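my_file34.txt follows; it contains compact mmCIF, C-alpha atoms.
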```txt
# COMPACT_ATOMS: atom_id res chain seq x y z
CA MET A 1 86.17 116.91 98.85
CA ARG A 2 89.18 118.14 100.79
CA SER A 3 89.39 114.83 102.65
CA ILE A 4 89.67 112.95 99.37
CA ARG A 5 92.43 115.04 97.79
CA PRO A 6 95.38 113.68 99.81
CA LEU A 7 94.18 110.12 99.17
CA VAL A 8 94.01 110.75 95.44
CA TYR A 9 97.53 112.17 95.60
CA LEU A 10 98.75 109.05 97.38
CA LEU A 11 97.03 106.84 94.82
CA VAL A 12 98.80 108.63 91.96
CA THR A 13 102.11 108.46 93.83
CA LEU A 14 101.74 104.70 94.32
CA LEU A 15 101.11 104.11 90.63
CA LEU A 16 104.16 106.15 89.66
CA LEU A 17 106.36 104.36 92.19
CA VAL A 18 105.50 100.91 90.90
CA SER A 19 106.95 101.63 87.46
CA SER A 20 109.94 103.70 88.58
CA SER A 21 111.13 101.60 91.53
CA VAL A 22 111.66 98.44 89.48
CA ALA A 23 113.91 100.19 86.96
CA ALA A 24 115.81 102.05 89.67
CA TRP A 25 116.39 98.80 91.58
CA ALA A 26 117.96 97.19 88.53
CA GLN A 27 120.31 100.13 88.04
CA GLY A 28 121.33 100.45 91.70
CA LYS A 29 123.50 97.29 91.78
CA PRO A 30 122.58 96.31 95.36
CA GLU A 31 125.03 94.13 97.24
CA ILE A 32 125.84 92.63 100.62
CA ASP A 33 129.35 93.26 101.91
CA ILE A 34 130.59 90.69 104.46
CA ARG A 35 133.92 91.41 106.11
CA ILE A 36 135.19 88.42 108.01
CA SER A 37 138.51 86.75 108.78
CA GLN A 38 140.20 84.73 111.49
CA THR A 39 141.00 88.01 113.24
CA VAL A 40 137.76 89.87 112.41
CA TYR A 41 134.84 88.25 114.22
CA PRO A 42 131.91 88.69 114.52
CA PRO A 43 131.63 89.67 110.86
CA VAL A 44 130.93 93.25 109.82
CA ILE A 45 127.99 93.39 107.42
CA ALA A 46 126.74 96.19 105.20
CA VAL A 47 123.86 96.14 102.72
CA ARG A 48 124.35 98.73 100.01
CA GLY A 49 122.49 100.07 97.00
CA VAL A 50 119.02 98.87 98.01
CA LEU A 51 117.33 102.28 97.96
CA ALA A 52 116.90 103.93 94.59
CA GLU A 53 116.99 107.56 95.59
CA LYS A 54 114.15 109.15 93.61
CA PRO A 55 111.31 106.62 93.87
CA PHE A 56 112.00 105.71 97.49
CA ASP A 57 112.37 109.37 98.44
CA GLU A 58 108.90 110.01 97.02
CA MET A 59 107.53 106.93 98.78
CA VAL A 60 108.94 107.87 102.17
CA ARG A 61 107.81 111.49 101.82
CA SER A 62 104.31 110.21 101.05
CA GLY A 63 104.16 108.53 104.46
CA PHE A 64 105.40 105.01 103.73
CA PRO A 65 108.43 103.92 105.80
CA ALA A 66 111.05 101.77 104.11
CA ARG A 67 112.27 98.75 106.05
CA LEU A 68 115.37 96.66 105.44
CA HIS A 69 115.37 93.31 107.22
CA VAL A 70 118.69 91.46 107.50
CA ARG A 71 119.40 87.96 108.75
CA ALA A 72 122.91 86.61 109.31
CA GLU A 73 123.63 82.95 110.05
CA LEU A 74 126.80 81.13 111.09
CA TRP A 75 127.15 77.76 109.36
CA SER A 76 129.69 74.96 109.72
CA GLU A 77 130.51 72.62 106.87
CA GLY A 78 129.74 68.95 107.41
CA ARG A 79 130.59 65.82 105.47
CA TRP A 80 127.04 65.40 104.23
CA PHE A 81 125.13 68.43 105.46
CA ASP A 82 126.01 71.91 106.69
CA ASP A 83 124.72 72.95 110.12
CA VAL A 84 123.56 76.38 111.30
CA HIS A 85 124.90 77.28 114.75
CA SER A 86 123.85 80.88 115.27
CA ARG A 87 121.45 83.40 113.83
CA ALA A 88 121.01 87.17 114.22
CA GLU A 89 118.33 89.41 112.72
CA TRP A 90 117.82 93.15 112.63
CA ASP A 91 115.84 95.86 110.84
CA VAL A 92 116.89 99.26 109.55
CA ILE A 93 113.95 101.62 109.07
CA VAL A 94 113.71 105.08 107.53
CA ARG A 95 110.64 107.29 107.77
CA TYR A 96 109.90 110.91 107.04
CA ASP A 97 108.94 113.35 109.80
CA VAL A 98 106.49 115.75 108.17
CA ILE A 99 106.72 118.30 110.99
CA ASP A 100 110.53 118.50 111.14
CA ARG A 101 110.91 117.74 107.42
CA SER A 102 113.61 115.24 108.19
CA TYR A 103 114.34 111.55 107.64
CA GLU A 104 114.64 109.45 110.79
CA VAL A 105 116.77 106.31 110.55
CA VAL A 106 116.77 103.64 113.27
CA ARG A 107 118.15 100.14 113.73
CA ARG A 108 115.97 97.65 115.60
CA VAL A 109 117.49 94.52 117.12
CA GLY A 110 114.91 92.51 118.99
CA GLY A 111 113.14 95.03 121.22
CA ALA A 112 116.02 97.51 121.27
CA ILE A 113 115.96 100.51 118.95
CA THR A 114 119.07 102.56 118.16
CA SER A 115 118.88 105.89 116.38
CA LEU A 116 121.15 106.20 113.35
CA GLY A 117 120.46 109.91 112.99
CA SER A 118 118.10 112.50 111.56
CA TYR A 119 118.79 113.90 108.09
CA THR A 120 117.40 116.61 105.85
CA ARG A 121 118.49 114.85 102.65
CA PHE A 122 117.33 111.42 101.60
CA ALA A 123 120.79 110.63 100.22
CA ASP A 124 122.23 111.03 103.74
CA ALA A 125 119.47 108.89 105.24
CA ARG A 126 120.20 106.21 102.66
CA ALA A 127 123.91 106.31 103.59
CA ALA A 128 122.95 105.82 107.25
CA MET A 129 120.91 102.75 106.33
CA GLU A 130 123.99 101.32 104.63
CA LEU A 131 126.25 101.65 107.69
CA ALA A 132 128.07 98.44 108.56
CA TYR A 133 126.89 96.44 111.55
CA ALA A 134 128.43 93.56 113.53
CA PRO A 135 125.67 91.13 114.61
CA GLY A 136 125.94 89.07 117.76
CA LEU A 137 126.78 85.68 116.27
CA SER A 138 128.29 82.94 118.41
CA THR A 139 131.94 81.97 118.11
CA PRO A 140 132.62 79.39 115.34
CA GLN A 141 133.67 75.89 116.32
CA ARG A 142 137.43 75.50 116.41
CA GLY A 143 139.00 73.39 113.72
CA LYS A 144 135.89 73.28 111.52
CA LYS A 145 135.28 75.15 108.31
CA SER A 146 132.64 77.79 108.86
CA TYR A 147 131.00 80.53 106.84
CA VAL A 148 128.43 83.29 107.26
CA LEU A 149 125.27 83.44 105.16
CA VAL A 150 123.45 86.78 104.95
CA GLN A 151 119.98 87.45 103.55
CA ALA A 152 118.53 90.93 103.17
CA GLU A 153 115.01 91.91 102.24
CA LEU A 154 113.78 95.39 101.43
CA GLN A 155 110.02 95.68 101.57
CA SER A 156 108.90 99.08 100.42
CA LEU A 157 105.63 98.71 102.28
CA GLN A 158 104.26 96.24 104.77
CA VAL A 159 100.72 95.98 106.03
CA SER A 160 101.82 96.92 109.55
CA ASP A 161 103.47 100.05 108.19
CA LEU A 162 100.10 101.33 106.99
CA ASP A 163 99.44 102.45 110.56
CA GLU A 164 101.86 105.28 109.80
CA LEU A 165 99.61 106.29 106.93
CA ASP A 166 96.54 106.10 109.15
CA ARG A 167 98.04 108.51 111.65
CA TRP A 168 99.09 110.85 108.88
CA LEU A 169 95.57 110.92 107.43
CA ARG A 170 93.68 110.71 110.71
CA GLY A 171 92.42 114.27 110.66
CA GLU A 172 90.74 113.89 107.29
CA ALA A 173 89.92 110.20 107.10
CA ALA A 174 88.45 109.78 110.60
CA PRO A 175 84.65 109.62 111.07
CA ALA A 176 83.12 113.09 111.07
CA VAL A 177 80.22 112.05 113.28
CA GLN A 178 80.26 109.37 115.97
CA GLY A 179 78.89 106.15 114.56
CA LYS A 180 79.40 107.20 110.94
CA ARG A 181 82.38 107.04 108.64
CA SER A 182 83.64 110.00 106.67
CA PRO A 183 83.08 110.02 102.88
CA ALA A 184 86.79 109.27 102.43
CA SER A 185 86.79 106.10 104.55
CA ALA A 186 86.00 103.76 101.66
CA LEU A 187 88.70 105.39 99.54
CA THR A 188 91.13 105.11 102.46
CA ARG A 189 90.54 101.35 102.60
CA GLY A 190 90.96 101.20 98.84
CA VAL A 191 94.31 102.97 99.01
CA ARG A 192 95.43 100.61 101.78
CA THR A 193 94.53 97.58 99.69
CA LEU A 194 96.17 98.94 96.55
CA ALA A 195 99.28 99.91 98.50
CA SER A 196 99.56 96.42 99.98
CA ARG A 197 99.27 94.77 96.59
CA LEU A 198 101.47 97.12 94.58
CA LEU A 199 104.23 98.13 96.98
CA GLY A 200 103.84 95.39 99.56
CA GLY A 201 104.46 92.88 96.80
CA GLU A 202 107.55 94.69 95.54
CA VAL A 203 110.00 92.86 97.76
CA ARG A 204 113.71 92.98 96.99
CA ARG A 205 115.82 90.08 98.26
CA LEU A 206 119.57 89.67 98.37
CA GLU A 207 121.77 86.84 99.56
CA ALA A 208 125.51 86.54 100.02
CA ARG A 209 127.89 84.01 101.56
CA SER A 210 131.33 84.56 102.96
CA PRO A 211 134.27 82.31 102.06
CA SER A 212 134.66 79.20 104.22
CA MET A 213 137.48 79.37 106.74
CA VAL A 214 138.81 77.65 109.83
CA PHE A 215 138.83 79.73 113.02
```
Full structure transcribed into structure tokens:
Amino acid sequence: MRSIRPLVYLLVTLLLLVSSSVAAWAQGKPEIDIRISQTVYPPVIAVRGVLAEKPFDEMVRSGFPARLHVRAELWSEGRWFDDVHSRAEWDVIVRYDVIDRSYEVVRRVGGAITSLGSYTRFADARAAMELAYAPGLSTPQRGKKSYVLVQAELQSLQVSDLDELDRWLRGEAAPAVQGKRSPASALTRGVRTLASRLLGGEVRRLEARSPSMVF
């Protein structure tokens, strides 16, 4: 029975998060801030207000990392069609370290990971996720009107992130005897499926475009 208790707790937490996260998202007024000019390039981009403090704090503490994926594109205006000339993508991830009782925030660009700090308060971790970043976009074409398009997506849970949950529950959800599964294994799979459908489907998307300008 002990092996089932943490899974039941996670199940209850997931159900509570579904109802509270939607309302908190609407109240948070998320936005993408793009700072760009003829003298400021590449642009400096910040995504703010995407983490509602209470529901996402509970989610992260329960073992589910939050991931913000951002894509920035440099476009030039054409007579008939606009053309994309450069693209940059990055992730900002926050997860809770149960042992240290701290929130770890990292930025991942390609295969490179940069630490944005370790924090004891979720509010501070959220502020770190909102730090501005200058992506490596190519230089705009001279004499042509160009603009930057930014898309951000916050996915409260992805299927790949469930590996974090597996490691967290490994001691109680692993097979007790070689060749046999523990009594909690079926419930573990059920929680994974429910988590994917409820939180994995709760994707928040933002989009913003800078003013067109000639560089």
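Every polymer residue reaching to within 9 Å of (118.9, 101.7, 106.3), counting all atoms listed in the file, appears in this list: Val47, Arg48, Val50, Leu51, Ala66, Arg67, Leu68, Asp91, Val92, Ile93, Val94, Val105, Val106, Arg107, Leu116, Ala125, Arg126, Ala127, Ala128, Met129, Glu130 and Leu131 of chain A.
Pairwise distance (CA of His85 in chain A, CA of Gln38 in chain A) equals 17.3 Å.
CA of Val70 in chain A sits 9.5 Å away from CA of Ile45 in chain A.
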- Task: For Ser210 in chain A, work out the shell of residues within 12 Å, counting all atoms listed in the file and skipping chain neighbours fewer than 6 positions away, then give it as a PyMOL selection string.
- Result: chain A and resi 32-37+43-45+72-76+145-151
- Item | Shell of 7 Å around Ala152 in chain A, all atoms listed in the file, local chain residues under 4 positions omitted, as a PyMOL selection string | chain A and resi 68-71+205-207
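One finds CA of Ser62 in chain A at 9.7 Å from CA of Arg95 in chain A.
Distance annotation: of A:Tyr96, A:Phe215, A:Tyr133, A:Tyr119, the residue with the minimal separation from Glu58 in chain A is A:Tyr96; atom set is all atoms listed in the file.
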